[in-house]
file data.pdb (PDB, C-alpha atoms)
ATOM      1  CA  MET A  14      80.011  86.115 114.877
ATOM      2  CA  SER A  15      76.778  88.035 114.534
ATOM      3  CA  SER A  16      75.002  88.152 111.182
ATOM      4  CA  ALA A  17      75.586  91.901 111.039
ATOM      5  CA  GLU A  18      79.338  91.453 111.163
ATOM      6  CA  ALA A  19      81.126  91.939 107.855
ATOM      7  CA  PRO A  20      82.666  88.798 106.352
ATOM      8  CA  THR A  21      86.430  88.422 106.405
ATOM      9  CA  PRO A  22      87.753  89.956 103.192
ATOM     10  CA  ALA A  23      89.660  87.800 100.738
ATOM     11  CA  LEU A  24      92.486  90.339 100.913
ATOM     12  CA  ARG A  25      93.086  92.724 103.783
ATOM     13  CA  VAL A  26      95.981  95.168 103.805
ATOM     14  CA  ARG A  27      96.593  97.316 106.842
ATOM     15  CA  GLY A  28      99.082 100.106 107.385
ATOM     16  CA  LEU A  29     101.181  99.123 104.410
ATOM     17  CA  ILE A  30     104.513 100.912 104.133
ATOM     18  CA  ALA A  31     106.615 100.032 101.105
ATOM     19  CA  GLY A  32     109.228 101.242  98.679
ATOM     20  CA  TYR A  33     112.129 100.193  96.521
ATOM     21  CA  SER A  34     114.811 100.956  99.101
ATOM     22  CA  GLU A  35     114.646 101.808 102.792
ATOM     23  CA  GLN A  36     112.825 104.987 101.785
ATOM     24  CA  PRO A  37     109.041 104.442 101.751
ATOM     25  CA  VAL A  38     107.080 105.568  98.712
ATOM     26  CA  VAL A  39     103.730 104.482 100.144
ATOM     27  CA  ASP A  40     102.783 104.956 103.737
ATOM     28  CA  GLY A  41      99.826 103.704 105.731
ATOM     29  CA  VAL A  42      97.765 102.131 102.942
ATOM     30  CA  ASP A  43      94.654 100.137 103.929
ATOM     31  CA  ILE A  44      92.816  98.034 101.323
ATOM     32  CA  ASP A  45      90.069  95.420 101.660
ATOM     33  CA  VAL A  46      88.931  93.247  98.746
ATOM     34  CA  GLY A  47      86.052  90.853  99.268
ATOM     35  CA  ARG A  48      85.301  87.739  97.265
ATOM     36  CA  GLY A  49      83.369  88.701  94.165
ATOM     37  CA  GLN A  50      84.502  92.283  94.418
ATOM     38  CA  VAL A  51      86.630  94.437  92.123
ATOM     39  CA  VAL A  52      88.549  97.142  93.931
ATOM     40  CA  ALA A  53      90.612  99.685  92.040
ATOM     41  CA  VAL A  54      93.605 101.611  93.170
ATOM     42  CA  ALA A  55      93.434 104.810  91.158
ATOM     43  CA  GLY A  56      95.336 108.032  91.077
ATOM     44  CA  PRO A  57      97.338 110.353  88.876
ATOM     45  CA  LYS A  58     100.783 109.477  87.526
ATOM     46  CA  GLY A  59     103.329 109.310  90.302
ATOM     47  CA  ALA A  60     100.776 108.453  92.982
ATOM     48  CA  ALA A  61     102.615 105.151  93.645
ATOM     49  CA  LYS A  62      99.381 103.286  93.058
ATOM     50  CA  SER A  63     101.158 100.132  91.817
ATOM     51  CA  THR A  64     103.455  99.920  94.815
ATOM     52  CA  PRO A  65     100.968  98.449  97.323
ATOM     53  CA  LEU A  66     100.207  95.592  94.930
ATOM     54  CA  THR A  67     103.855  94.897  94.154
ATOM     55  CA  ALA A  68     104.702  95.074  97.853
ATOM     56  CA  ILE A  69     102.006  92.530  98.675
ATOM     57  CA  LEU A  70     103.689  90.239  96.154
ATOM     58  CA  GLY A  71     107.204  90.897  97.431
ATOM     59  CA  ILE A  72     108.332  92.702  94.286
ATOM     60  CA  ALA A  73     108.577  96.062  96.013
ATOM     61  CA  ARG A  74     110.067  96.108  99.496
ATOM     62  CA  LEU A  75     107.541  95.723 102.287
ATOM     63  CA  LEU A  76     108.683  97.995 105.109
ATOM     64  CA  GLY A  77     105.679  97.765 107.403
ATOM     65  CA  GLY A  78     102.055  96.798 107.769
ATOM     66  CA  THR A  79     100.219  93.520 107.367
ATOM     67  CA  VAL A  80      98.698  91.478 104.539
ATOM     68  CA  ALA A  81      96.059  88.815 105.158
ATOM     69  CA  LEU A  82      94.299  86.390 102.827
ATOM     70  CA  GLU A  83      90.960  85.111 104.094
ATOM     71  CA  GLY A  84      92.044  86.154 107.569
ATOM     72  CA  ARG A  85      95.398  84.377 107.402
ATOM     73  CA  ASP A  86      98.475  86.545 107.886
ATOM     74  CA  VAL A  87     100.626  86.228 104.766
ATOM     75  CA  THR A  88     102.803  89.282 105.335
ATOM     76  CA  GLY A  89     106.129  88.795 103.585
ATOM     77  CA  LEU A  90     105.229  85.375 102.206
ATOM     78  CA  PRO A  91     107.206  84.586  99.016
ATOM     79  CA  LEU A  92     105.425  84.922  95.706
ATOM     80  CA  GLN A  93     105.457  81.205  94.980
ATOM     81  CA  LYS A  94     103.663  80.516  98.264
ATOM     82  CA  LEU A  95     101.146  83.249  97.567
ATOM     83  CA  ALA A  96     100.543  81.645  94.168
ATOM     84  CA  ARG A  97      99.741  78.358  95.859
ATOM     85  CA  LEU A  98      97.156  80.189  97.925
ATOM     86  CA  GLY A  99      95.461  81.330  94.714
ATOM     87  CA  VAL A 100      97.050  84.733  94.232
ATOM     88  CA  GLY A 101      97.619  85.755  90.624
ATOM     89  CA  TYR A 102      99.274  88.810  89.145
ATOM     90  CA  VAL A 103      99.058  90.328  85.675
ATOM     91  CA  PRO A 104     101.740  93.023  85.417
ATOM     92  CA  GLN A 105     101.527  96.070  83.244
ATOM     93  CA  VAL A 106     103.388  95.727  79.959
ATOM     94  CA  ASP A 107     104.361  98.534  77.635
ATOM     95  CA  GLU A 108     103.102  97.045  74.401
ATOM     96  CA  VAL A 109     100.160  94.736  74.337
ATOM     97  CA  GLU A 110      98.633  92.758  71.502
ATOM     98  CA  ASP A 111      95.471  90.742  71.855
ATOM     99  CA  PRO A 112      97.103  87.339  72.412
ATOM    100  CA  SER A 113      99.512  88.572  75.054
ATOM    101  CA  VAL A 114      96.737  90.252  77.043
ATOM    102  CA  LEU A 115      94.734  87.098  77.071
ATOM    103  CA  ASP A 116      97.881  85.140  77.924
ATOM    104  CA  GLY A 117      98.138  87.457  80.895
ATOM    105  CA  CYS A 118      94.656  86.448  81.937
ATOM    106  CA  ASP A 119      95.711  82.839  81.521
ATOM    107  CA  LEU A 120      98.529  83.539  83.960
ATOM    108  CA  VAL A 121      95.998  84.576  86.589
ATOM    109  CA  LEU A 122      94.093  81.402  85.964
ATOM    110  CA  ALA A 123      97.239  79.306  86.026
ATOM    111  CA  LEU A 124      97.974  80.633  89.472
ATOM    112  CA  GLY A 125      94.751  79.263  90.795
ATOM    113  CA  CYS A 126      91.952  81.786  90.371
ATOM    114  CA  ARG A 127      89.913  79.788  87.906
ATOM    115  CA  SER A 128      90.279  76.883  85.579
ATOM    116  CA  SER A 129      88.912  78.514  82.438
ATOM    117  CA  ILE A 130      87.624  81.725  80.922
ATOM    118  CA  PRO A 131      85.248  82.348  78.048
ATOM    119  CA  SER A 132      86.861  83.104  74.712
ATOM    120  CA  ARG A 133      85.728  85.867  72.436
ATOM    121  CA  SER A 134      83.811  83.314  70.381
ATOM    122  CA  GLY A 135      81.863  82.209  73.420
ATOM    123  CA  SER A 136      83.659  78.898  73.829
ATOM    124  CA  THR A 137      85.884  78.213  76.804
ATOM    125  CA  ARG A 138      89.602  78.909  76.899
ATOM    126  CA  ALA A 139      91.356  76.245  78.871
ATOM    127  CA  CYS A 140      93.759  77.300  81.547
ATOM    128  CA  ARG A 141      97.398  76.594  80.832
ATOM    129  CA  PRO A 142      99.086  74.400  83.390
ATOM    130  CA  GLY A 143     100.442  76.295  86.321
ATOM    131  CA  PRO A 144     103.941  75.971  87.728
ATOM    132  CA  SER A 145     104.478  72.652  89.441
TER
ATOM    133  CA  MET B 262      93.871  99.479  79.998
ATOM    134  CA  ALA B 263      96.063 102.289  78.670
ATOM    135  CA  GLY B 264      96.993 101.821  75.044
ATOM    136  CA  LEU B 265      94.384  99.155  74.317
ATOM    137  CA  SER B 266      91.699  99.487  71.692
ATOM    138  CA  PRO B 267      88.173 100.186  72.973
ATOM    139  CA  ARG B 268      87.102  96.763  71.721
ATOM    140  CA  LEU B 269      89.844  94.998  73.663
ATOM    141  CA  VAL B 270      89.101  97.061  76.761
ATOM    142  CA  ARG B 271      85.491  95.864  76.627
ATOM    143  CA  GLU B 272      86.584  92.262  76.188
ATOM    144  CA  LEU B 273      88.933  92.437  79.147
ATOM    145  CA  GLU B 274      86.272  94.096  81.248
ATOM    146  CA  GLU B 275      83.876  91.262  80.418
ATOM    147  CA  ILE B 276      86.479  88.685  81.471
ATOM    148  CA  LEU B 277      87.185  90.507  84.722
ATOM    149  CA  LEU B 278      83.476  90.819  85.481
ATOM    150  CA  GLU B 279      83.014  87.111  84.885
ATOM    151  CA  LEU B 280      85.873  86.347  87.267
ATOM    152  CA  ARG B 281      84.223  88.661  89.778
ATOM    153  CA  ASP B 282      80.888  86.910  89.357
ATOM    154  CA  ASP B 283      82.647  83.619  90.063
ATOM    155  CA  GLY B 284      83.729  84.996  93.427
ATOM    156  CA  VAL B 285      87.293  85.959  92.606
ATOM    157  CA  ALA B 286      88.633  88.960  94.513
ATOM    158  CA  LEU B 287      90.244  91.401  92.090
ATOM    159  CA  LEU B 288      92.540  94.286  92.936
ATOM    160  CA  VAL B 289      93.280  96.392  89.879
ATOM    161  CA  VAL B 290      95.600  99.328  89.444
ATOM    162  CA  GLU B 291      94.029 101.525  86.824
ATOM    163  CA  HIS B 292      94.462 105.010  85.494
ATOM    164  CA  GLU B 293      91.446 105.036  83.161
ATOM    165  CA  LEU B 294      88.604 106.278  85.303
ATOM    166  CA  ASP B 295      85.870 105.212  82.866
ATOM    167  CA  THR B 296      87.042 101.623  83.208
ATOM    168  CA  VAL B 297      87.215 101.966  86.978
ATOM    169  CA  ASP B 298      83.676 103.326  86.948
ATOM    170  CA  ARG B 299      82.368 100.329  84.995
ATOM    171  CA  LEU B 300      84.277  97.625  86.901
ATOM    172  CA  CYS B 301      84.701  98.618  90.496
ATOM    173  CA  GLN B 302      82.399  98.964  93.443
ATOM    174  CA  THR B 303      85.141 100.442  95.569
ATOM    175  CA  VAL B 304      87.952 102.746  94.545
ATOM    176  CA  VAL B 305      90.985 103.600  96.648
ATOM    177  CA  ALA B 306      92.352 106.934  95.442
ATOM    178  CA  MET B 307      96.033 107.585  96.045
ATOM    179  CA  ALA B 308      98.280 110.587  95.663
ATOM    180  CA  HIS B 309     101.916 110.929  96.640
ATOM    181  CA  GLY B 310     101.997 107.477  98.204
ATOM    182  CA  ARG B 311      99.020 107.921 100.482
ATOM    183  CA  VAL B 312      95.351 107.039 100.351
ATOM    184  CA  ILE B 313      93.436 110.293  99.969
ATOM    185  CA  ALA B 314      89.916 108.901  99.577
ATOM    186  CA  GLU B 315      87.941 105.669  99.300
ATOM    187  CA  GLY B 316      84.445 105.023  97.984
ATOM    188  CA  THR B 317      82.532 104.601  94.767
ATOM    189  CA  MET B 318      83.574 106.531  91.689
ATOM    190  CA  ALA B 319      80.477 108.677  92.089
ATOM    191  CA  GLN B 320      81.549 109.567  95.612
ATOM    192  CA  LEU B 321      85.152 110.176  94.643
ATOM    193  CA  ARG B 322      84.256 112.477  91.762
ATOM    194  CA  THR B 323      82.808 114.915  94.294
ATOM    195  CA  ARG B 324      85.810 114.851  96.620
ATOM    196  CA  ARG B 325      87.915 117.971  96.429
ATOM    197  CA  GLU B 326      91.157 116.198  97.350
ATOM    198  CA  VAL B 327      90.689 113.753  94.452
ATOM    199  CA  GLN B 328      89.955 116.548  91.999
ATOM    200  CA  ASP B 329      93.008 118.409  93.210
ATOM    201  CA  ALA B 330      95.227 115.322  92.853
ATOM    202  CA  TYR B 331      94.203 114.828  89.229
ATOM    203  CA  VAL B 332      94.379 118.479  88.293
ATOM    204  CA  VAL B 333      97.404 119.576  90.294
ATOM    205  CA  GLY B 334      99.151 116.188  90.559
TER
END

call {"tool": "encode", "arguments": {"input": "data.pdb", "output": "structure tokens"}}
result
Amino acid sequence: MSSAEAPTPALRVRGLIAGYSEQPVVDGVDIDVGRGQVVAVAGPKGAAKSTPLTAILGIARLLGGTVALEGRDVTGLPLQKLARLGVGYVPQVDEVEDPSVLDGCDLVLALGCRSSIPSRSGSTRACRPGPS
Amino acid sequence: MAGLSPRLVRELEEILLELRDDGVALLVVEHELDTVDRLCQTVVAMAHGRVIAEGTMAQLRTRREVQDAYVVG
């Protein structure tokens, strides 16, 4: 690999087709997320912007395309196996209070992203044990 | 970030940025463009189930198809 070549992204999605039945609601979505990078999927209401993420996780139905983590094909891998590979997910909730939001962050950590996060007081919040 | 207080939004953004700085790859689905602007180097804009543009927020703000998606829906 030459030095000019881009590193393999942590997450690479190519040609993703997904929906909640046989009818696709997203079609041909490509997303790359590198380590140490924050990528947003944005769009107006009804854009189906959550569907690629939920399809990657197997919550929505993956109808086509590929998903790779660090270059490894994980297309269609069950959520529990993705979690073991360090994938975390904080879903949207309708009503959020401070503790539950931060519990959501703990969930990400519990699934392997990190072992701790700073608290609002500057000390460290320990990660809750993940699923065994 | 919808429905959260500005203070809590800032706190969550700080946590996400710290995770980013630790090398975690973060994919966020977000409607609040100010938050996207502060957090994200790359934005994938979608409308009607398709990617209509990709780039920085500054780049996307100038794209006609993105403006149309937000205004027209």

call {"tool": "closest_atom_pairs", "arguments": {"input": "data.pdb", "of": "chain A", "to": "chain B", "cutoff": "7 Å", "atoms": "only C-alpha atoms", "output": "JSON lines"}}
result
{"residue": "A:Ala23", "atom": "CA", "partner": "B:Ala286", "partner_atom": "CA", "distance": 6.4}
{"residue": "A:Val38", "atom": "CA", "partner": "B:Gly310", "partner_atom": "CA", "distance": 5.5}
{"residue": "A:Val39", "atom": "CA", "partner": "B:Gly310", "partner_atom": "CA", "distance": 4.0}
{"residue": "A:Asp40", "atom": "CA", "partner": "B:Arg311", "partner_atom": "CA", "distance": 5.8}
{"residue": "A:Gly41", "atom": "CA", "partner": "B:Arg311", "partner_atom": "CA", "distance": 6.8}
{"residue": "A:Val42", "atom": "CA", "partner": "B:Val312", "partner_atom": "CA", "distance": 6.1}
{"residue": "A:Val46", "atom": "CA", "partner": "B:Ala286", "partner_atom": "CA", "distance": 6.0}
{"residue": "A:Gly47", "atom": "CA", "partner": "B:Ala286", "partner_atom": "CA", "distance": 5.7}
{"residue": "A:Arg48", "atom": "CA", "partner": "B:Ala286", "partner_atom": "CA", "distance": 4.5}
{"residue": "A:Gly49", "atom": "CA", "partner": "B:Gly284", "partner_atom": "CA", "distance": 3.8}
{"residue": "A:Gln50", "atom": "CA", "partner": "B:Ala286", "partner_atom": "CA", "distance": 5.3}
{"residue": "A:Val51", "atom": "CA", "partner": "B:Leu287", "partner_atom": "CA", "distance": 4.7}
{"residue": "A:Val52", "atom": "CA", "partner": "B:Leu288", "partner_atom": "CA", "distance": 5.0}
{"residue": "A:Ala53", "atom": "CA", "partner": "B:Val289", "partner_atom": "CA", "distance": 4.8}
{"residue": "A:Val54", "atom": "CA", "partner": "B:Val305", "partner_atom": "CA", "distance": 4.8}
{"residue": "A:Ala55", "atom": "CA", "partner": "B:Ala306", "partner_atom": "CA", "distance": 4.9}
{"residue": "A:Gly56", "atom": "CA", "partner": "B:Met307", "partner_atom": "CA", "distance": 5.0}
{"residue": "A:Pro57", "atom": "CA", "partner": "B:Tyr331", "partner_atom": "CA", "distance": 5.5}
{"residue": "A:Gly59", "atom": "CA", "partner": "B:His309", "partner_atom": "CA", "distance": 6.7}
{"residue": "A:Ala60", "atom": "CA", "partner": "B:Ala308", "partner_atom": "CA", "distance": 4.2}
{"residue": "A:Ala61", "atom": "CA", "partner": "B:Gly310", "partner_atom": "CA", "distance": 5.2}
{"residue": "A:Lys62", "atom": "CA", "partner": "B:Met307", "partner_atom": "CA", "distance": 6.2}
{"residue": "A:Ser63", "atom": "CA", "partner": "B:Val290", "partner_atom": "CA", "distance": 6.1}
{"residue": "A:Cys126", "atom": "CA", "partner": "B:Val285", "partner_atom": "CA", "distance": 6.6}

call {"tool": "closest_residue", "arguments": {"input": "data.pdb", "among": "A:Ala81, A:Leu92, A:Leu24, A:Leu75", "to": "Pro37 of chain A", "atoms": "all atoms listed in the file"}}
result
A:Leu75

call {"tool": "atom_distance", "arguments": {"input": "data.pdb", "atom1": "atom CA of Gln36 of chain A", "atom2": "atom CA of Pro22 of chain A"}}
result
29.3 Å

call {"tool": "closest_residue", "arguments": {"input": "data.pdb", "among": "A:Glu18, A:Asp43, A:Ser34, A:Val26", "to": "Gly89 of chain A", "atoms": "all atoms listed in the file"}}
result
A:Val26

call {"tool": "atom_distance", "arguments": {"input": "data.pdb", "atom1": "atom CA of Gly77 of chain A", "atom2": "atom CA of Leu29 of chain A"}}
result
5.6 Å

call {"tool": "residues_around", "arguments": {"input": "data.pdb", "residues": "segment 69-72 of chain A", "least_positions_apart": "2", "cutoff": "8 Å", "atoms": "only C-alpha atoms", "output": "short mmCIF file (atom, residue, chain, number, x, y, z; two decimals) with C-alpha atoms, in the coordinates of the input"}}
result
data_model
loop_
_atom_site.label_atom_id
_atom_site.label_comp_id
_atom_site.auth_asym_id
_atom_site.auth_seq_id
_atom_site.Cartn_x
_atom_site.Cartn_y
_atom_site.Cartn_z
CA PRO A 65 100.97 98.45 97.32
CA LEU A 66 100.21 95.59 94.93
CA THR A 67 103.86 94.90 94.15
CA ARG A 74 110.07 96.11 99.50
CA LEU A 75 107.54 95.72 102.29
CA VAL A 80 98.70 91.48 104.54
CA THR A 88 102.80 89.28 105.34
CA GLY A 89 106.13 88.80 103.58
CA LEU A 90 105.23 85.38 102.21
CA PRO A 91 107.21 84.59 99.02
CA LEU A 92 105.42 84.92 95.71
CA LEU A 95 101.15 83.25 97.57
#

call {"tool": "atom_distance", "arguments": {"input": "data.pdb", "atom1": "atom CA of Val87 of chain A", "atom2": "atom CA of Tyr102 of chain A"}}
result
15.9 Å

call {"tool": "decode", "arguments": {"input": "data.pdb", "residues": "segment 270-333 of chain B", "atoms": "C-alpha atoms", "output": "CSV table (one decimal), in the first residue's frame"}}
result
chain,number,residue,atom,x,y,z
B,270,VAL,CA,-26.6,19.2,24.1
B,271,ARG,CA,-23.2,20.8,24.8
B,272,GLU,CA,-22.4,18.1,27.4
B,273,LEU,CA,-23.2,15.3,24.9
B,274,GLU,CA,-21.2,17.0,22.2
B,275,GLU,CA,-18.2,17.2,24.5
B,276,ILE,CA,-18.6,13.4,25.3
B,277,LEU,CA,-18.8,12.6,21.6
B,278,LEU,CA,-15.8,14.7,20.8
B,279,GLU,CA,-13.8,13.0,23.5
B,280,LEU,CA,-14.8,9.6,22.0
B,281,ARG,CA,-13.7,10.9,18.6
B,282,ASP,CA,-10.4,12.1,20.0
B,283,ASP,CA,-9.9,8.6,21.4
B,284,GLY,CA,-10.2,7.2,17.9
B,285,VAL,CA,-13.7,5.9,18.0
B,286,ALA,CA,-15.6,6.1,14.7
B,287,LEU,CA,-19.0,7.7,15.2
B,288,LEU,CA,-21.9,7.7,12.8
B,289,VAL,CA,-24.7,10.0,14.0
B,290,VAL,CA,-28.2,10.5,12.7
B,291,GLU,CA,-29.0,14.1,13.4
B,292,HIS,CA,-31.6,16.6,12.4
B,293,GLU,CA,-30.1,19.7,14.2
B,294,LEU,CA,-27.7,21.2,11.7
B,295,ASP,CA,-26.0,23.4,14.3
B,296,THR,CA,-24.9,20.3,16.2
B,297,VAL,CA,-23.9,18.6,12.9
B,298,ASP,CA,-21.8,21.6,12.1
B,299,ARG,CA,-20.0,21.5,15.4
B,300,LEU,CA,-19.4,17.8,15.6
B,301,CYS,CA,-18.9,16.4,12.1
B,302,GLN,CA,-16.2,16.7,9.5
B,303,THR,CA,-18.3,14.8,6.9
B,304,VAL,CA,-22.1,15.0,6.4
B,305,VAL,CA,-24.1,12.6,4.3
B,306,ALA,CA,-27.3,14.4,3.3
B,307,MET,CA,-30.3,12.2,2.4
B,308,ALA,CA,-33.7,12.9,1.0
B,309,HIS,CA,-36.3,10.3,0.0
B,310,GLY,CA,-34.1,7.4,0.9
B,311,ARG,CA,-31.2,8.5,-1.3
B,312,VAL,CA,-27.9,10.3,-0.7
B,313,ILE,CA,-28.2,13.7,-2.4
B,314,ALA,CA,-24.9,15.2,-1.3
B,315,GLU,CA,-21.8,14.6,0.9
B,316,GLY,CA,-19.2,17.0,2.3
B,317,THR,CA,-18.7,19.4,5.1
B,318,MET,CA,-21.6,21.4,6.4
B,319,ALA,CA,-20.1,24.5,4.7
B,320,GLN,CA,-20.1,22.7,1.4
B,321,LEU,CA,-23.6,21.3,1.8
B,322,ARG,CA,-25.1,24.7,2.8
B,323,THR,CA,-24.3,25.9,-0.7
B,324,ARG,CA,-25.8,22.9,-2.5
B,325,ARG,CA,-29.1,23.6,-4.2
B,326,GLU,CA,-30.4,20.0,-3.8
B,327,VAL,CA,-29.8,20.2,-0.1
B,328,GLN,CA,-31.6,23.5,0.2
B,329,ASP,CA,-34.4,22.2,-1.8
B,330,ALA,CA,-34.7,19.0,0.3
B,331,TYR,CA,-35.0,21.1,3.5
B,332,VAL,CA,-37.3,23.7,2.1
B,333,VAL,CA,-39.5,21.5,-0.1
